[in-house]
Structure formats: C-alpha cells, structure tokens
file my_file-v9.cif (mmCIF, C-alpha atoms)
data_coords
#
loop_
_atom_site.label_atom_id
_atom_site.label_comp_id
_atom_site.auth_asym_id
_atom_site.auth_seq_id
_atom_site.Cartn_x
_atom_site.Cartn_y
_atom_site.Cartn_z
CA MET A 28 -18.06 -22.44 -43.75
CA GLY A 29 -16.53 -19.09 -43.02
CA LYS A 30 -15.52 -17.78 -39.63
CA VAL A 31 -17.44 -14.99 -37.92
CA ILE A 32 -15.36 -12.34 -36.15
CA VAL A 33 -16.76 -9.60 -33.95
CA VAL A 34 -14.70 -6.44 -33.53
CA THR A 35 -15.84 -4.94 -30.25
CA SER A 36 -14.69 -2.70 -27.39
CA GLY A 37 -17.46 -1.25 -25.27
CA LYS A 38 -15.94 2.21 -25.40
CA GLY A 39 -16.36 4.39 -28.47
CA GLY A 40 -13.59 5.95 -30.52
CA VAL A 41 -10.99 3.31 -29.80
CA GLY A 42 -10.65 2.16 -33.43
CA LYS A 43 -13.20 -0.59 -34.03
CA THR A 44 -14.26 0.58 -37.46
CA THR A 45 -10.73 1.42 -38.59
CA SER A 46 -9.57 -1.99 -37.41
CA SER A 47 -12.50 -3.83 -39.01
CA ALA A 48 -11.73 -2.20 -42.35
CA ALA A 49 -7.98 -2.73 -42.08
CA LEU A 50 -8.19 -6.38 -41.01
CA GLY A 51 -10.89 -7.10 -43.58
CA ALA A 52 -8.77 -5.61 -46.32
CA ALA A 53 -5.62 -7.36 -45.08
CA LEU A 54 -7.36 -10.76 -45.18
CA ALA A 55 -8.79 -9.98 -48.63
CA GLN A 56 -5.39 -8.84 -49.92
CA ASN A 57 -4.27 -12.33 -49.02
CA GLY A 58 -6.93 -13.75 -51.37
CA ASP A 59 -9.56 -14.67 -48.80
CA LYS A 60 -13.18 -13.77 -49.42
CA VAL A 61 -14.18 -11.24 -46.80
CA VAL A 62 -17.33 -9.32 -45.89
CA VAL A 63 -17.33 -6.56 -43.30
CA VAL A 64 -20.74 -5.94 -41.71
CA ASP A 65 -21.57 -2.62 -40.06
CA PHE A 66 -23.78 -3.15 -36.98
CA ASP A 67 -23.85 0.49 -35.95
CA VAL A 68 -27.43 1.09 -37.05
CA GLY A 69 -28.24 4.79 -37.03
CA LEU A 70 -24.61 5.88 -36.99
CA ARG A 71 -22.96 4.00 -39.82
CA ASN A 72 -19.38 4.87 -40.67
CA LEU A 73 -17.76 1.78 -42.08
CA ASP A 74 -18.93 2.81 -45.56
CA LEU A 75 -17.05 6.10 -45.17
CA ILE A 76 -13.85 4.50 -43.85
CA MET A 77 -13.91 2.01 -46.74
CA GLY A 78 -14.67 4.69 -49.32
CA ALA A 79 -18.01 3.26 -50.41
CA GLU A 80 -20.29 5.93 -48.95
CA ARG A 81 -21.62 7.00 -52.33
CA ARG A 82 -22.46 3.49 -53.41
CA VAL A 83 -24.81 2.49 -50.59
CA VAL A 84 -28.24 1.54 -51.93
CA TYR A 85 -29.56 -1.04 -49.49
CA ASP A 86 -28.43 -1.86 -45.99
CA LEU A 87 -28.53 -4.52 -43.27
CA VAL A 88 -31.95 -3.40 -42.02
CA ASN A 89 -33.41 -3.57 -45.55
CA VAL A 90 -32.21 -7.17 -45.81
CA ILE A 91 -33.56 -8.11 -42.37
CA GLN A 92 -36.95 -6.54 -43.15
CA GLY A 93 -37.08 -8.37 -46.47
CA GLU A 94 -36.99 -5.17 -48.54
CA ALA A 95 -33.83 -6.17 -50.37
CA LYS A 96 -31.91 -9.32 -51.13
CA LEU A 97 -28.58 -9.88 -49.45
CA THR A 98 -26.80 -9.84 -52.82
CA GLN A 99 -28.33 -6.44 -53.60
CA ALA A 100 -27.12 -4.93 -50.35
CA LEU A 101 -23.54 -6.19 -50.55
CA ILE A 102 -21.09 -3.65 -51.96
CA ARG A 103 -17.95 -4.93 -53.61
CA ASP A 104 -14.78 -2.97 -52.95
CA LYS A 105 -13.46 -1.14 -56.01
CA ARG A 106 -9.85 -2.04 -55.28
CA LEU A 107 -10.14 -5.59 -53.99
CA GLU A 108 -12.28 -8.18 -55.74
CA THR A 109 -12.69 -10.37 -52.68
CA LEU A 110 -13.66 -7.62 -50.22
CA TYR A 111 -17.32 -6.78 -49.59
CA LEU A 112 -19.19 -4.42 -47.31
CA LEU A 113 -22.66 -4.73 -45.83
CA PRO A 114 -23.58 -1.24 -44.63
CA ALA A 115 -25.79 -0.36 -41.65
CA SER A 116 -28.90 1.75 -41.97
CA GLN A 117 -28.48 5.45 -41.39
CA THR A 118 -32.14 6.38 -41.06
CA ARG A 119 -33.59 3.68 -38.84
CA ASP A 120 -32.70 2.80 -35.30
CA LYS A 121 -31.25 -0.27 -33.66
CA ASP A 122 -34.68 -1.69 -32.80
CA ASN A 123 -34.94 -2.73 -36.43
CA LEU A 124 -32.30 -5.34 -35.80
CA THR A 125 -34.00 -8.57 -34.84
CA SER A 126 -32.26 -11.56 -33.42
CA GLU A 127 -33.74 -13.87 -36.09
CA GLY A 128 -32.93 -11.42 -38.86
CA VAL A 129 -29.30 -11.14 -37.83
CA GLU A 130 -29.02 -14.90 -37.53
CA MET A 131 -30.40 -15.35 -41.05
CA VAL A 132 -27.98 -12.81 -42.54
CA ILE A 133 -24.93 -14.17 -40.71
CA SER A 134 -25.61 -17.78 -41.64
CA ALA A 135 -26.08 -16.80 -45.31
CA LEU A 136 -22.82 -14.81 -45.27
CA LYS A 137 -20.93 -17.65 -43.60
CA LYS A 138 -21.74 -19.88 -46.54
CA ALA A 139 -20.44 -17.41 -49.12
CA PHE A 140 -17.38 -15.91 -47.39
CA ASP A 141 -14.23 -17.10 -45.64
CA TRP A 142 -14.50 -14.32 -43.07
CA VAL A 143 -17.52 -12.41 -41.80
CA ILE A 144 -16.28 -9.42 -39.80
CA CYS A 145 -18.93 -7.78 -37.62
CA ASP A 146 -18.07 -4.19 -36.74
CA SER A 147 -19.84 -3.64 -33.40
CA PRO A 148 -21.23 -0.31 -32.24
CA ALA A 149 -19.96 1.12 -28.95
CA GLY A 150 -21.86 0.38 -25.77
CA ILE A 151 -23.44 -2.82 -24.52
CA GLU A 152 -26.91 -2.44 -25.96
CA ARG A 153 -28.81 -4.33 -28.63
CA GLY A 154 -26.54 -3.51 -31.60
CA ALA A 155 -23.44 -4.55 -29.69
CA THR A 156 -24.92 -7.74 -28.23
CA LEU A 157 -26.30 -8.80 -31.61
CA ALA A 158 -22.96 -8.12 -33.30
CA MET A 159 -21.21 -10.50 -30.90
CA ARG A 160 -23.99 -13.07 -30.66
CA HIS A 161 -22.95 -15.33 -33.55
CA ALA A 162 -19.21 -14.81 -33.39
CA ASP A 163 -16.64 -17.60 -33.46
CA ILE A 164 -13.79 -15.21 -32.68
CA ALA A 165 -13.81 -11.89 -30.82
CA ILE A 166 -11.33 -9.09 -31.32
CA VAL A 167 -11.40 -6.75 -28.35
CA VAL A 168 -10.07 -3.35 -29.41
CA THR A 169 -8.54 -1.51 -26.47
CA ASN A 170 -6.59 1.71 -25.98
CA PRO A 171 -3.91 1.72 -23.28
CA GLU A 172 -6.06 3.94 -21.11
CA VAL A 173 -8.07 3.27 -17.92
CA SER A 174 -11.63 3.78 -19.20
CA SER A 175 -11.03 1.69 -22.31
CA VAL A 176 -9.52 -1.19 -20.32
CA ARG A 177 -12.43 -1.16 -17.87
CA ASP A 178 -14.96 -1.29 -20.70
CA SER A 179 -13.04 -4.06 -22.42
CA ASP A 180 -13.15 -6.09 -19.23
CA ARG A 181 -16.92 -5.68 -19.20
CA ILE A 182 -17.17 -6.70 -22.85
CA ILE A 183 -15.05 -9.80 -22.20
CA GLY A 184 -17.56 -10.72 -19.48
CA LEU A 185 -20.40 -10.40 -22.01
CA LEU A 186 -18.51 -12.43 -24.62
CA ASP A 187 -18.17 -15.20 -22.06
CA SER A 188 -21.85 -15.17 -21.11
CA LYS A 189 -24.18 -13.71 -23.71
CA THR A 190 -22.94 -15.25 -26.97
CA LEU A 191 -24.19 -18.42 -28.63
CA LYS A 192 -20.76 -19.99 -28.10
CA ALA A 193 -20.84 -19.22 -24.39
CA GLU A 194 -24.41 -20.39 -23.99
CA SER A 195 -23.63 -23.74 -25.60
CA GLY A 196 -20.74 -24.18 -23.18
CA GLU A 197 -17.98 -23.56 -25.70
CA ARG A 198 -15.08 -21.20 -25.19
CA MET A 199 -15.13 -18.00 -27.18
CA GLU A 200 -11.77 -17.34 -28.85
CA LYS A 201 -10.77 -13.82 -27.81
CA HIS A 202 -7.92 -11.60 -28.96
CA LEU A 203 -6.71 -8.23 -27.78
CA LEU A 204 -5.92 -5.56 -30.35
CA LEU A 205 -4.16 -2.67 -28.65
CA THR A 206 -4.74 0.47 -30.70
CA ARG A 207 -3.71 4.14 -30.52
CA TYR A 208 -0.51 3.14 -28.79
CA ASP A 209 1.67 6.19 -28.27
CA PRO A 210 5.39 5.33 -27.99
CA VAL A 211 6.28 8.80 -26.67
CA ARG A 212 3.81 8.60 -23.80
CA ALA A 213 4.87 5.00 -23.16
CA GLN A 214 8.48 6.08 -22.83
CA ARG A 215 7.55 8.86 -20.42
CA GLY A 216 5.73 6.33 -18.25
CA ASP A 217 2.39 8.05 -18.76
CA MET A 218 0.66 5.22 -20.57
CA LEU A 219 -0.36 1.78 -19.39
CA LYS A 220 2.24 -0.74 -20.49
CA VAL A 221 1.38 -3.51 -22.93
CA ASP A 222 2.13 -6.09 -20.24
CA ASP A 223 -0.11 -4.29 -17.76
CA VAL A 224 -3.08 -4.39 -20.12
CA LEU A 225 -2.40 -8.03 -21.00
CA GLU A 226 -2.15 -8.98 -17.35
CA ILE A 227 -5.35 -7.18 -16.42
CA LEU A 228 -7.48 -8.46 -19.31
CA SER A 229 -5.67 -11.82 -19.65
CA ILE A 230 -6.48 -12.53 -23.28
CA PRO A 231 -3.83 -13.14 -25.97
CA LEU A 232 -2.43 -10.23 -27.95
CA LEU A 233 -3.32 -9.98 -31.63
CA GLY A 234 -1.29 -6.86 -32.32
CA ILE A 235 -0.31 -3.35 -31.31
CA ILE A 236 -1.31 -0.50 -33.61
CA PRO A 237 0.47 2.80 -32.99
CA GLU A 238 -1.39 6.10 -32.97
CA SER A 239 -0.44 7.36 -36.39
CA MET A 240 -0.97 10.08 -38.94
CA ASP A 241 -1.08 7.34 -41.58
CA VAL A 242 -4.29 5.95 -40.09
CA LEU A 243 -5.95 9.38 -40.09
CA ARG A 244 -4.81 9.96 -43.67
CA ALA A 245 -6.28 6.63 -44.74
CA SER A 246 -9.67 7.54 -43.24
CA ASN A 247 -9.58 10.88 -45.03
CA LEU A 248 -8.94 9.04 -48.27
CA GLY A 249 -11.64 6.44 -47.60
CA SER A 250 -9.26 3.53 -47.83
CA PRO A 251 -8.35 0.87 -45.28
CA ILE A 252 -4.80 1.61 -44.08
CA THR A 253 -3.52 -1.71 -45.43
CA LEU A 254 -4.58 -0.58 -48.90
CA ALA A 255 -3.80 3.14 -48.60
CA ASP A 256 -0.25 2.71 -47.35
CA GLY A 257 0.71 -0.92 -47.03
CA LYS A 258 4.28 -0.13 -46.02
CA SER A 259 3.33 2.09 -43.07
CA VAL A 260 3.91 0.87 -39.52
CA PRO A 261 0.19 0.54 -38.63
CA ALA A 262 -0.52 -1.30 -41.90
CA MET A 263 2.29 -3.79 -41.19
CA ALA A 264 0.85 -4.32 -37.72
CA TYR A 265 -2.58 -5.05 -39.23
CA PHE A 266 -1.07 -7.45 -41.79
CA ASP A 267 0.64 -9.30 -38.94
CA ALA A 268 -2.59 -9.38 -36.96
CA ALA A 269 -4.39 -10.87 -39.98
CA ARG A 270 -1.73 -13.57 -40.23
CA ARG A 271 -2.11 -14.36 -36.54
CA LEU A 272 -5.86 -14.68 -37.05
CA LYS A 273 -5.07 -17.34 -39.64
CA GLY A 274 -3.10 -19.24 -37.04
CA GLU A 275 0.47 -18.10 -37.67
CA THR A 276 2.73 -17.44 -34.70
CA LEU A 277 4.65 -14.20 -35.12
CA PRO A 278 6.52 -12.10 -32.58
CA VAL A 279 4.73 -8.86 -31.71
CA THR A 280 6.72 -5.66 -32.19
CA VAL A 281 6.05 -2.90 -29.66
CA PRO A 282 6.02 0.42 -31.54
CA GLY A 283 8.91 2.69 -30.63
CA GLU A 284 11.01 0.00 -29.01
CA LYS A 285 14.51 -0.08 -30.38
CA ARG A 286 15.21 -2.78 -32.86
CA GLY A 287 18.48 -4.63 -32.94
CA PHE A 288 20.83 -4.56 -35.90
CA PHE A 289 19.11 -7.45 -37.65
CA GLY A 290 15.73 -6.06 -36.71
CA LYS A 291 16.62 -2.83 -38.51
CA ILE A 292 17.58 -4.65 -41.66
CA PHE A 293 14.97 -7.36 -41.66
CA GLY A 294 12.35 -5.75 -39.45
CA ARG A 295 10.10 -4.60 -42.24
CA LYS A 296 10.22 -7.84 -44.19
CA ALA A 297 9.92 -10.11 -41.20
CA ALA A 298 7.31 -8.10 -39.34
CA MET B 32 9.39 25.40 -17.52
CA ASN B 33 7.44 22.61 -19.16
CA LEU B 34 10.56 20.54 -19.52
CA PHE B 35 11.37 21.23 -15.89
CA ARG B 36 7.93 20.09 -14.76
CA SER B 37 7.88 16.94 -16.84
CA PHE B 38 11.35 16.06 -15.56
CA PHE B 39 10.23 16.01 -11.96
CA ARG B 40 6.76 14.62 -12.44
CA SER B 41 6.45 10.95 -11.59
CA PRO B 42 5.05 8.59 -14.24
CA SER B 43 1.27 8.10 -14.05
CA ALA B 44 1.06 4.63 -15.63
CA PRO B 45 1.72 2.64 -12.40
CA SER B 46 -1.14 4.42 -10.68
CA ALA B 47 -3.45 3.70 -13.64
CA ARG B 48 -2.49 0.05 -13.41
CA GLU B 49 -3.11 -0.24 -9.67
CA ARG B 50 -6.44 1.58 -9.80
CA LEU B 51 -7.63 -0.67 -12.61
CA GLN B 52 -6.56 -3.85 -10.86
CA VAL B 53 -8.47 -2.99 -7.70
CA LEU B 54 -11.54 -1.74 -9.56
CA LEU B 55 -11.78 -4.73 -11.88
CA ALA B 56 -11.27 -7.21 -9.07
CA HIS B 57 -14.38 -5.74 -7.46
CA GLU B 58 -16.38 -5.41 -10.67
CA ARG B 59 -15.71 -8.99 -11.64
CA ALA B 60 -16.74 -10.18 -8.19
CA SER B 61 -19.91 -8.12 -8.24
CA PHE B 62 -21.11 -9.82 -11.43
CA GLY B 63 -24.39 -11.47 -10.48
CA ASP B 64 -24.87 -9.18 -7.48
CA SER B 65 -22.56 -11.11 -5.22
CA ASP B 66 -20.48 -8.13 -4.16
CA LEU B 67 -20.16 -8.53 -0.40
CA VAL B 68 -19.67 -4.87 0.44
CA ASN B 69 -22.74 -3.82 -1.54
CA LYS B 70 -24.79 -6.58 0.04
CA LEU B 71 -23.72 -5.61 3.54
CA ARG B 72 -24.59 -1.98 2.90
CA ASP B 73 -28.09 -2.87 1.69
CA GLU B 74 -28.79 -5.33 4.49
CA ILE B 75 -27.51 -3.08 7.25
CA LEU B 76 -29.71 -0.25 6.01
CA ALA B 77 -32.68 -2.62 5.77
CA VAL B 78 -32.22 -3.75 9.39
CA ILE B 79 -32.04 -0.17 10.62
CA ALA B 80 -35.07 0.83 8.58
CA LYS B 81 -37.02 -1.90 10.38
CA HIS B 82 -36.57 -0.18 13.72
CA ILE B 83 -36.45 3.49 12.95
CA GLN B 84 -37.56 5.68 10.14
CA VAL B 85 -34.38 6.40 8.28
CA ASP B 86 -34.05 9.88 6.94
CA GLY B 87 -32.11 9.70 3.69
CA ASP B 88 -30.23 12.92 4.44
CA LYS B 89 -29.08 11.68 7.84
CA VAL B 90 -27.47 8.53 6.54
CA SER B 91 -23.96 8.56 5.26
CA VAL B 92 -22.50 5.45 3.73
CA LYS B 93 -18.82 5.41 2.87
CA MET B 94 -17.13 2.65 1.03
CA GLU B 95 -13.46 2.28 0.41
CA ARG B 96 -12.46 -0.55 -1.85
CA GLY B 97 -8.94 -1.77 -1.46
CA ALA B 98 -6.96 -4.59 -3.00
CA GLN B 99 -6.77 -6.59 0.25
CA VAL B 100 -9.27 -4.91 2.57
CA SER B 101 -12.45 -2.96 1.94
CA THR B 102 -14.07 -0.79 4.56
CA LEU B 103 -17.69 0.10 4.97
CA ALA B 104 -18.73 2.92 7.28
CA VAL B 105 -22.42 3.52 7.92
CA ASP B 106 -23.14 6.67 9.88
CA ILE B 107 -26.75 7.22 10.89
CA GLU B 108 -28.21 10.03 12.96
CA ILE B 109 -30.92 8.64 15.22
CA PRO B 110 -33.18 11.39 16.56
CA PHE B 111 -34.48 10.86 20.11
CA GLU B 112 -38.24 11.02 19.36
CA THR B 113 -38.06 8.55 16.49
CA THR B 114 -36.42 5.94 18.71
CA LYS B 115 -39.14 6.43 21.31
CA LYS B 116 -41.95 5.98 18.80
CA ALA B 117 -40.44 2.83 17.34
CA ALA B 118 -39.92 1.32 20.77
#

call {"tool": "encode", "arguments": {"input": "my_file-v9.cif", "output": "structure tokens"}}
result
Amino acid sequence: MGKVIVVTSGKGGVGKTTSSAALGAALAQNGDKVVVVDFDVGLRNLDLIMGAERRVVYDLVNVIQGEAKLTQALIRDKRLETLYLLPASQTRDKDNLTSEGVEMVISALKKAFDWVICDSPAGIERGATLAMRHADIAIVVTNPEVSSVRDSDRIIGLLDSKTLKAESGERMEKHLLLTRYDPVRAQRGDMLKVDDVLEILSIPLLGIIPESMDVLRASNLGSPITLADGKSVPAMAYFDAARRLKGETLPVTVPGEKRGFFGKIFGRKAA
Amino acid sequence: MNLFRSFFRSPSAPSARERLQVLLAHERASFGDSDLVNKLRDEILAVIAKHIQVDGDKVSVKMERGAQVSTLAVDIEIPFETTKKAA
C-alpha cells in the first residue's frame, strides 16, 4: 500500500504545485512509483509545471464521473518511467468532485503506487478539504510571511480535525516546507526567521527552499526543478526533503548561511 | 539615499513575529466559538438590547487583543426618550 501525501497551504501562490512536482519527481528519480494528483479543479496547472499540458486527454473528474478509466487518465512522464500525473479538469467546477469519487480514486492509486501526492488548491473549500481528506502525511507549504503563516495555522487546524485520520483519532503526520525563502531579506531582518515560523506553527521542518531563478526557469521549461537542474540549490533542497519523507534524518541547511570549510567542500554531496 | 534609509530602518521581522503570535493565540482559542472577548461583546449587546432599542450607529465596540490582556470597550449612546419608553 502506498502512502498518500497532501501538499497544502491555505494561501495561494506559495509553491504548492511547484513543490508537488519537485517532490514527486525527486521520489520517482529514486526509483519509487509516484503519482501526482491535481485537485485544483477549474484551475489546473500541475500539467503545465510538469510539461504534460499537451498530453491531457482525460482528467480526475472524468474518472470520478465514470467517463474514463483511471488508467486512461493517468499520464506517464516522458523523462521518468515511474512518475505519473492525474490532471484536474479545466472546464468543470469543484462541485464535480464527490467524496465517494475521490475515495475510490485514491484507494485505487494507493494500490498501484508507492506515493500518491495530492496537490491541493488554495483556500479551505471543497477541493482543498477533499485533497487532504485521505492523506497519511501532510506537507504544509509556507512562505516566511505573515499572511502565509496565518493561513498555514488554519490549515493545520483543519488537518487535525477534518481528515479521516483525525476523525478516527489518529495523529496526522505533518511537515513544514518553507518555500520562497529569501536569504537577502533574512539577513536584513525583514523576513520571519525559520525558528520563528517553526515555533509559531510547531510542526517539524521538511526543508527550506530558497526563492530562486532556477525554480522559475524550470516552470518555464515545464520540468520539475529536480529534473530540470538537479544540481541547483532548490533542487538539492527538494531531494533532501524527499529523503526526509522516506524517514532519513538529515541536517537542514538554511539558504545563505555561511558554510564552514568542510561544508564548502562536502556541502553539495552531503546535502 | 536608499542605502541611508535602509541603514537606519529597524528590522521588521520581530514585529511580524509578535503580531502573529498574538493573533494566532486568539484564533486558536476562538476555534469552536469559545473566544471570550467575542462572547462578552455579543452578550453585553444582547443585554442592552433587552432594555433599550439599540441604534447600530450609536454603538461603538472596540477590541484590543493583547498577548497577556485584552480590552473590550462598549460605548453606547442612550437617548433620553428611549430609556423612558423602555421603563
């Protein structure tokens, strides 16, 4: 049985889709079988970020409505054999997502894949609550910025109350992914510190992704950053995050903080 | 000039942190409608409405949420005739 991850945030534009694609690819590059599911019905974008926008025939809503089989709707990545995408519908709205339909799709995917990554839409409405409903693990994507942290706090509350795990009295495993971290602003003292965000949200840190041109370039190219430029700083951070998801304990590097002599030499390899 | 300004400007991150901590402490507490300050505001207004007709424009409610202490100030204009009628 595979594990179901929800990538969520509350606030829009913090990097949910970018992170879903990057983590999905990173896990698949490691040989795991991964499917990334776009839950943003009406405003799909995961297909574009993963470079599969011209290959979408059927989508999640088609499968839920019984108009297509799951295997017909899944799109295999051209670069990675073990990476798949299940796109959202662009023409219908979120009301087409039914609780039973989503449950059916997720349980079928769990049987076939090691990881089912659900890319949540922004907000706290139907699409977002259904994306988190069946999750085993939640990745809360947060920017070091007041409105994003507030929304993340709200989302953590929902993860602890409205998910199947929470309702059956189990603890939802939650991780914080701090994205769009700007070392220059951090140094000036004009950005919330990593420790501040961790203290406020009090969930463990999965990784820190710096705001980077490399990430923007990767989206332009339609390739997850871990595939587009695997040696870039954000890609390394996503690879580390993927390893932590698999249970490894690795030290987290804060972007822009000076590395020691050994760090400089071994930093890239070890990180 | 820009360099000069940024040199003397104090960092904004500590203020972001403090504002968030206070806000979230209240938002977490208010989950399930148990926020005391909100409750007090509603109940006080309900009690007053029982005795006089409250004019929405003549009521000012101010709330100040702090880390340790919150204050609630309810300021109501009570016109003379209304009090007479109610009594």

call {"tool": "closest_residue", "arguments": {"input": "my_file-v9.cif", "among": "A:Arg119, A:Arg215, A:Lys30, A:Lys96", "to": "Leu70 of chain A", "atoms": "all atoms listed in the file"}}
result
A:Arg119

call {"tool": "resolve_selection", "arguments": {"input": "my_file-v9.cif", "expression": "the PyMOL selection byres ((chain A and resi 65) around 10)", "output": "PyMOL selection string"}}
result
chain A and resi 44+47+62-64+66-68+70-74+86-87+112-116+144-148+154+158

call {"tool": "write_last_selection", "arguments": {"input": "my_file-v9.cif", "atoms": "C-alpha atoms", "output": "short mmCIF file (atom, residue, chain, number, x, y, z; two decimals), in the coordinates of the input"}}
result
data_model
loop_
_atom_site.label_atom_id
_atom_site.label_comp_id
_atom_site.auth_asym_id
_atom_site.auth_seq_id
_atom_site.Cartn_x
_atom_site.Cartn_y
_atom_site.Cartn_z
CA THR A 44 -14.26 0.58 -37.46
CA SER A 47 -12.50 -3.83 -39.01
CA VAL A 62 -17.33 -9.32 -45.89
CA VAL A 63 -17.33 -6.56 -43.30
CA VAL A 64 -20.74 -5.94 -41.71
CA PHE A 66 -23.78 -3.15 -36.98
CA ASP A 67 -23.85 0.49 -35.95
CA VAL A 68 -27.43 1.09 -37.05
CA LEU A 70 -24.61 5.88 -36.99
CA ARG A 71 -22.96 4.00 -39.82
CA ASN A 72 -19.38 4.87 -40.67
CA LEU A 73 -17.76 1.78 -42.08
CA ASP A 74 -18.93 2.81 -45.56
CA ASP A 86 -28.43 -1.86 -45.99
CA LEU A 87 -28.53 -4.52 -43.27
CA LEU A 112 -19.19 -4.42 -47.31
CA LEU A 113 -22.66 -4.73 -45.83
CA PRO A 114 -23.58 -1.24 -44.63
CA ALA A 115 -25.79 -0.36 -41.65
CA SER A 116 -28.90 1.75 -41.97
CA ILE A 144 -16.28 -9.42 -39.80
CA CYS A 145 -18.93 -7.78 -37.62
CA ASP A 146 -18.07 -4.19 -36.74
CA SER A 147 -19.84 -3.64 -33.40
CA PRO A 148 -21.23 -0.31 -32.24
CA GLY A 154 -26.54 -3.51 -31.60
CA ALA A 158 -22.96 -8.12 -33.30
#

call {"tool": "resolve_selection", "arguments": {"input": "my_file-v9.cif", "expression": "the PyMOL selection byres ((chain B) within 12 of (chain A))", "output": "VMD selection string"}}
result
chain B and resid 37 to 63

call {"tool": "atom_distance", "arguments": {"input": "my_file-v9.cif", "atom1": "atom CA of Ala104 of chain B", "atom2": "atom CA of Ala77 of chain B"}}
result
15.1 Å

call {"tool": "resolve_selection", "arguments": {"input": "my_file-v9.cif", "expression": "the PyMOL selection byres ((chain A and resi 281) around 9)", "output": "MDAnalysis selection string"}}
result
chainID A and resid 208 210 221 234:237 279:280 282:285

call {"tool": "atom_distance", "arguments": {"input": "my_file-v9.cif", "atom1": "atom CA of Ala55 of chain A", "atom2": "atom CA of Leu110 of chain A"}}
result
5.6 Å

call {"tool": "atom_distance", "arguments": {"input": "my_file-v9.cif", "atom1": "atom CA of Val167 of chain A", "atom2": "atom CA of Leu191 of chain A"}}
result
17.3 Å

call {"tool": "residues_around", "arguments": {"input": "my_file-v9.cif", "residues": "Thr125 of chain A", "least_positions_apart": "5", "cutoff": "10 Å", "atoms": "all atoms listed in the file", "output": "count of residues only"}}
result
8

call {"tool": "build_atoms", "arguments": {"input": "my_file-v9.cif", "residues": "segment 236-252 of chain A", "atoms": "N, CA and C atoms", "output": "short mmCIF file (atom, residue, chain, number, x, y, z; two decimals), in the frame of the given file"}}
result
data_model
loop_
_atom_site.label_atom_id
_atom_site.label_comp_id
_atom_site.auth_asym_id
_atom_site.auth_seq_id
_atom_site.Cartn_x
_atom_site.Cartn_y
_atom_site.Cartn_z
N ILE A 236 -1.25 -1.48 -32.52
CA ILE A 236 -1.31 -0.50 -33.61
C ILE A 236 -0.95 0.87 -33.03
N PRO A 237 0.11 1.49 -33.54
CA PRO A 237 0.47 2.80 -32.99
C PRO A 237 -0.50 3.89 -33.43
N GLU A 238 -0.66 4.89 -32.58
CA GLU A 238 -1.39 6.10 -32.97
C GLU A 238 -0.59 6.70 -34.12
N SER A 239 -1.24 6.96 -35.24
CA SER A 239 -0.44 7.36 -36.39
C SER A 239 -1.20 8.26 -37.35
N MET A 240 -0.45 9.20 -37.91
CA MET A 240 -0.97 10.08 -38.94
C MET A 240 -1.44 9.27 -40.14
N ASP A 241 -0.75 8.16 -40.41
CA ASP A 241 -1.08 7.34 -41.58
C ASP A 241 -2.52 6.82 -41.50
N VAL A 242 -2.94 6.46 -40.27
CA VAL A 242 -4.29 5.95 -40.09
C VAL A 242 -5.31 7.05 -40.37
N LEU A 243 -5.03 8.25 -39.87
CA LEU A 243 -5.95 9.38 -40.09
C LEU A 243 -6.01 9.74 -41.57
N ARG A 244 -4.86 9.68 -42.22
CA ARG A 244 -4.81 9.96 -43.67
C ARG A 244 -5.66 8.96 -44.44
N ALA A 245 -5.53 7.69 -44.05
CA ALA A 245 -6.28 6.63 -44.74
C ALA A 245 -7.78 6.86 -44.60
N SER A 246 -8.23 7.28 -43.40
CA SER A 246 -9.67 7.54 -43.24
C SER A 246 -10.10 8.72 -44.09
N ASN A 247 -9.26 9.73 -44.17
CA ASN A 247 -9.58 10.88 -45.03
C ASN A 247 -9.74 10.43 -46.48
N LEU A 248 -8.92 9.50 -46.88
CA LEU A 248 -8.94 9.04 -48.27
C LEU A 248 -10.04 8.00 -48.51
N GLY A 249 -10.61 7.47 -47.45
CA GLY A 249 -11.64 6.44 -47.60
C GLY A 249 -11.05 5.11 -48.05
N SER A 250 -9.92 4.78 -47.46
CA SER A 250 -9.26 3.53 -47.83
C SER A 250 -8.72 2.87 -46.59
N PRO A 251 -8.96 1.55 -46.43
CA PRO A 251 -8.35 0.87 -45.28
C PRO A 251 -6.84 1.09 -45.32
N ILE A 252 -6.22 1.27 -44.15
CA ILE A 252 -4.80 1.61 -44.08
C ILE A 252 -3.92 0.57 -44.79
#
